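Only one structure is covered here, and it is reproduced in the block below.
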Amino acid sequence: MPPKDAKILVAGAGGFIGGHLVAKLRSLGYSDIRAVDIKPLTYWYQRSDEVDNCVLDLNRRDACFDAVDGAHTVYNLAANMGGMGFIENNKALCMLSVLINTHLLEAAKHRKLPGRFFYSSSACVYNGAKQTRTDVTALKEEDAYPADAEDGYGWEKLFSERMCRHFREDFGVVTRVARFHNVYGPHGTYAGGREKAPAAICRKVIDAQMTGKPFIEIWGDGEQTRSFMYITDCIDGIFDITNSGIEYPINLGSSELVSINQLVDIVESIASVRLDRRYNLDAPKGVRGRNSDNTLIRKELNWEPSVKLRDGMEKTYRWIWDEMHKAGNESVVNLT
Ligand code: NAD
Ligand code: GDD
């Protein structure tokens, strides 16, 4: 890890993973954190007054140069993204996030960043032909090529991780890249269109309980499969990969494969409720099956994400339940 007085830049700090990363850095004793997001401060999911909080549009080159100025280490978690409902309908917006990583890399090169540059890639880089079955073979890092990434968002991630490689090889920026598989937990998006399946299912079950509605809508036929990584595993993995010697993009995901119906079973059991399921076959579905092959991360780090889905979903459900029951639905938590 960098020295405790090193300046750490967290790009996308107002979002789900960036917010948790800042909180963890604070708890580890880092005293000089610059937290940057395009959202007004009142919309940040977590916020600490002890941190240099900046509202900047990192699509802009000048903003990236300001943000990286004096930084020792950069964590780039900033992107215009969401779950399937967002990325399927906003391909151009997703691709424009290429500007963020491009300008941050340029700034790191010009400012001669002394520490590491971390980039958050995605399992959406993987070849679609390898994700057509519910009993999918878990994806190995090499399965990103030959390239046939998720249209829009996935291609941007693949290009950006490739650019990290070439800035390292050609310009000496010490980049590290993780391919996250669907991350969930408290202090994330659970409504508004960008939410992913774990938070969306919690919200729908809680809403049914609050309103007395006897059913929930599920996108697709519910048989599609995914693995879901709890946020604490994600943060631990980010630190370990950033500080490691791993120079190629590596999976950071759980290998506990479940169908969406099994995810709903878990949420219903946490909520002690059974609801009718209405399947919307016209909704965004994404790939048929996706799982993380963790052979490489186990070999490299002697570690892999291990929080059980049921345990992580308990915490996520309770947080969303509290949020939905709060008067006025105040969603920003002050860490200090
Ligand atoms: P998030 O949407 O909660 O956070 C991203 C943040 O980036 C947001 O707060 C957003 O306002 C900010 N941002 C967007 N455009 C910006 C700009 N121009 N300038 C400054 N800030 C900007 O998403 P997250 O779940 O925290 O994801 C973090 C990173 O991890 C992203 O790169 C995402 O693509 C990647 N990722 C996430 C998942 C997941 O399941 N959450 C999976 C794969 C990859
Ligand atoms: N979002 C959402 N909301 N998905 C639902 C819902 C719902 O109410 N009901 C069922 N699903 C199904 C979707 O149709 C999809 O088949 C599956 O649940 C998972 O959807 P998401 O969680 O939205 O996305 P994803 O797993 O396909 O992709 C996510 O993970 C990638 C990394 O693994 C996205 O967040 C990507 O942006 C991310 O890169």
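Letters for chains follow the order of the structure tokens (A, B, ...), residue numbers begin at 1 for each chain, and ligand numbers begin at 1 in the order shown.
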| request: Can you list, as a ChimeraX atom specification, all residues belonging to range 52-300 of chain A that DSSP tags as alpha helix (DSSP H)? | output: /A:61-68,84-87,91-96,98-110,153-171,197-211,231-243,260-271,295-300
| request: Residues within 8 Å of ligand 2 should be enumerated using only C-alpha atoms and all ligand atoms and returned as JSON, numbers by chain. | output: {"A": [81, 82, 83, 84, 85, 86, 87, 121, 122, 123, 124, 153, 154, 179, 180, 181, 182, 183, 193, 194, 195, 196, 197, 198, 199, 200, 201, 204, 217, 218, 219, 220, 222, 224, 225, 226, 227, 228, 260, 283, 284, 285, 286, 287, 288, 290]}
* To do: Check the smallest atom-to-atom distance from each of A:Tyr184, A:Tyr126, A:Trp319, A:Tyr30 to Glu150 in chain A using only C-alpha atoms, then report the winner.
  =>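 Among the listed residues, the smallest separation from Glu150 in chain A belongs to A:Tyr126.
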Go through range 139-230 of chain A and collect every residue that DSSP, computed from the backbone, puts in strand (DSSP E); the answer should be as a JSON list (two decimals) with C-alpha atoms, in the first residue's frame.
```json
[["chain", "number", "residue", "atom", "x", "y", "z"],
["A", 174, "VAL", "CA", 2.17, 1.55, -13.58],
["A", 175, "THR", "CA", -1.37, 0.41, -14.40],
["A", 176, "ARG", "CA", -3.39, -2.38, -12.81],
["A", 177, "VAL", "CA", -6.75, -3.62, -14.13],
["A", 178, "ALA", "CA", -9.50, -5.72, -12.55],
["A", 179, "ARG", "CA", -12.53, -7.11, -14.38],
["A", 180, "PHE", "CA", -15.35, -6.80, -11.84],
["A", 183, "VAL", "CA", -20.92, -6.08, -7.46],
["A", 184, "TYR", "CA", -23.64, -5.52, -4.83],
["A", 215, "PHE", "CA", -46.33, -10.15, -7.30],
["A", 216, "ILE", "CA", -43.00, -8.87, -8.58],
["A", 217, "GLU", "CA", -41.78, -8.42, -12.14],
["A", 218, "ILE", "CA", -38.61, -10.25, -13.15],
["A", 219, "TRP", "CA", -36.74, -9.43, -16.34],
["A", 225, "THR", "CA", -27.32, -17.10, -14.38],
["A", 226, "ARG", "CA", -24.78, -14.76, -12.79],
["A", 227, "SER", "CA", -22.30, -14.57, -9.94],
["A", 229, "MET", "CA", -19.60, -10.18, -5.55],
["A", 230, "TYR", "CA", -20.15, -8.49, -2.19]]
```
Point to revise | Point-to-point distance from CA of Glu141 in chain A to CA of Asn261 in chain A, Å rounded to tenths | key: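 So the answer is 27.4 Å.
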Please return as a ChimeraX atom specification the residues found within 7 Å of ligand 1, counting only C-alpha atoms and all ligand atoms.
/A:11-18,36-39,44,56-59,76-82,97,100,120-123,179-184,188-189
> For Ser160 in chain A, which residue among A:Arg278, A:Glu256, A:Asn101, A:Ser272 is the nearest when counting only C-alpha atoms?
Replying inline: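 Of the candidates, the smallest distance to Ser160 in chain A is held by A:Asn101.
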Atom pair CA of Leu105 in chain A + CA of Ala147 in chain A, distance 23.0 Å
_Need to verify the contact set: Ser27 in chain A, 12 Å, only C-alpha atoms, exclusion of same-chain residues closer than 2 positions in sequence. Can you return it as a list in words?_
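Those residues are Lys4, His20, Leu21, Val22, Ala23, Lys24, Leu25, Gly29, Tyr30, Ser31, Ile33, Ser48, Glu50, Leu335 and Thr336 of chain A.
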Take the residues that were just selected and, keeping C-alpha atoms, output them as a short mmCIF file (atom, residue, chain, number, x, y, z; two decimals), in the first residue's frame.
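New file result.cif:
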```
data_model
loop_
_atom_site.label_atom_id
_atom_site.label_comp_id
_atom_site.auth_asym_id
_atom_site.auth_seq_id
_atom_site.Cartn_x
_atom_site.Cartn_y
_atom_site.Cartn_z
CA LYS A 4 -0.35 6.76 4.78
CA HIS A 20 -16.75 2.37 -0.17
CA LEU A 21 -13.15 2.76 -1.32
CA VAL A 22 -12.87 6.23 0.25
CA ALA A 23 -14.44 4.93 3.48
CA LYS A 24 -11.96 2.05 3.62
CA LEU A 25 -8.97 4.32 2.89
CA GLY A 29 -5.58 5.94 8.18
CA TYR A 30 -5.05 7.66 4.82
CA SER A 31 -5.13 11.36 5.55
CA ILE A 33 -7.63 11.69 -0.10
CA SER A 48 -16.58 12.29 4.40
CA GLU A 50 -12.30 14.96 6.19
CA LEU A 335 -18.98 9.21 7.33
CA THR A 336 -17.53 11.64 9.84
#
```
May I ask which of the residues A:Ala138, A:Lys112, A:Phe239, A:Ala129 is the closest one to Asp69 in chain A, counting only C-alpha atoms?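 Checking each candidate against Asp69 in chain A, we get A:Lys112 as the closest.
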Between CA of Met163 in chain A and CA of Tyr45 in chain A lies a distance of 29.2 Å
Counting only C-alpha atoms, closest pick from A:Gly152, A:Gly185, A:Pro249, A:Pro214 relative to Arg318 in chain A is A:Gly185
Inset, instruction - Write out as number ranges by chain the residues lying within 12 Å of Cys202 in chain A, counting only C-alpha atoms and excluding same-chain residues fewer than 5 positions away. - result: A: 184-186, 189-191, 195-197, 207-209, 216-218, 263-271, 273, 313-324
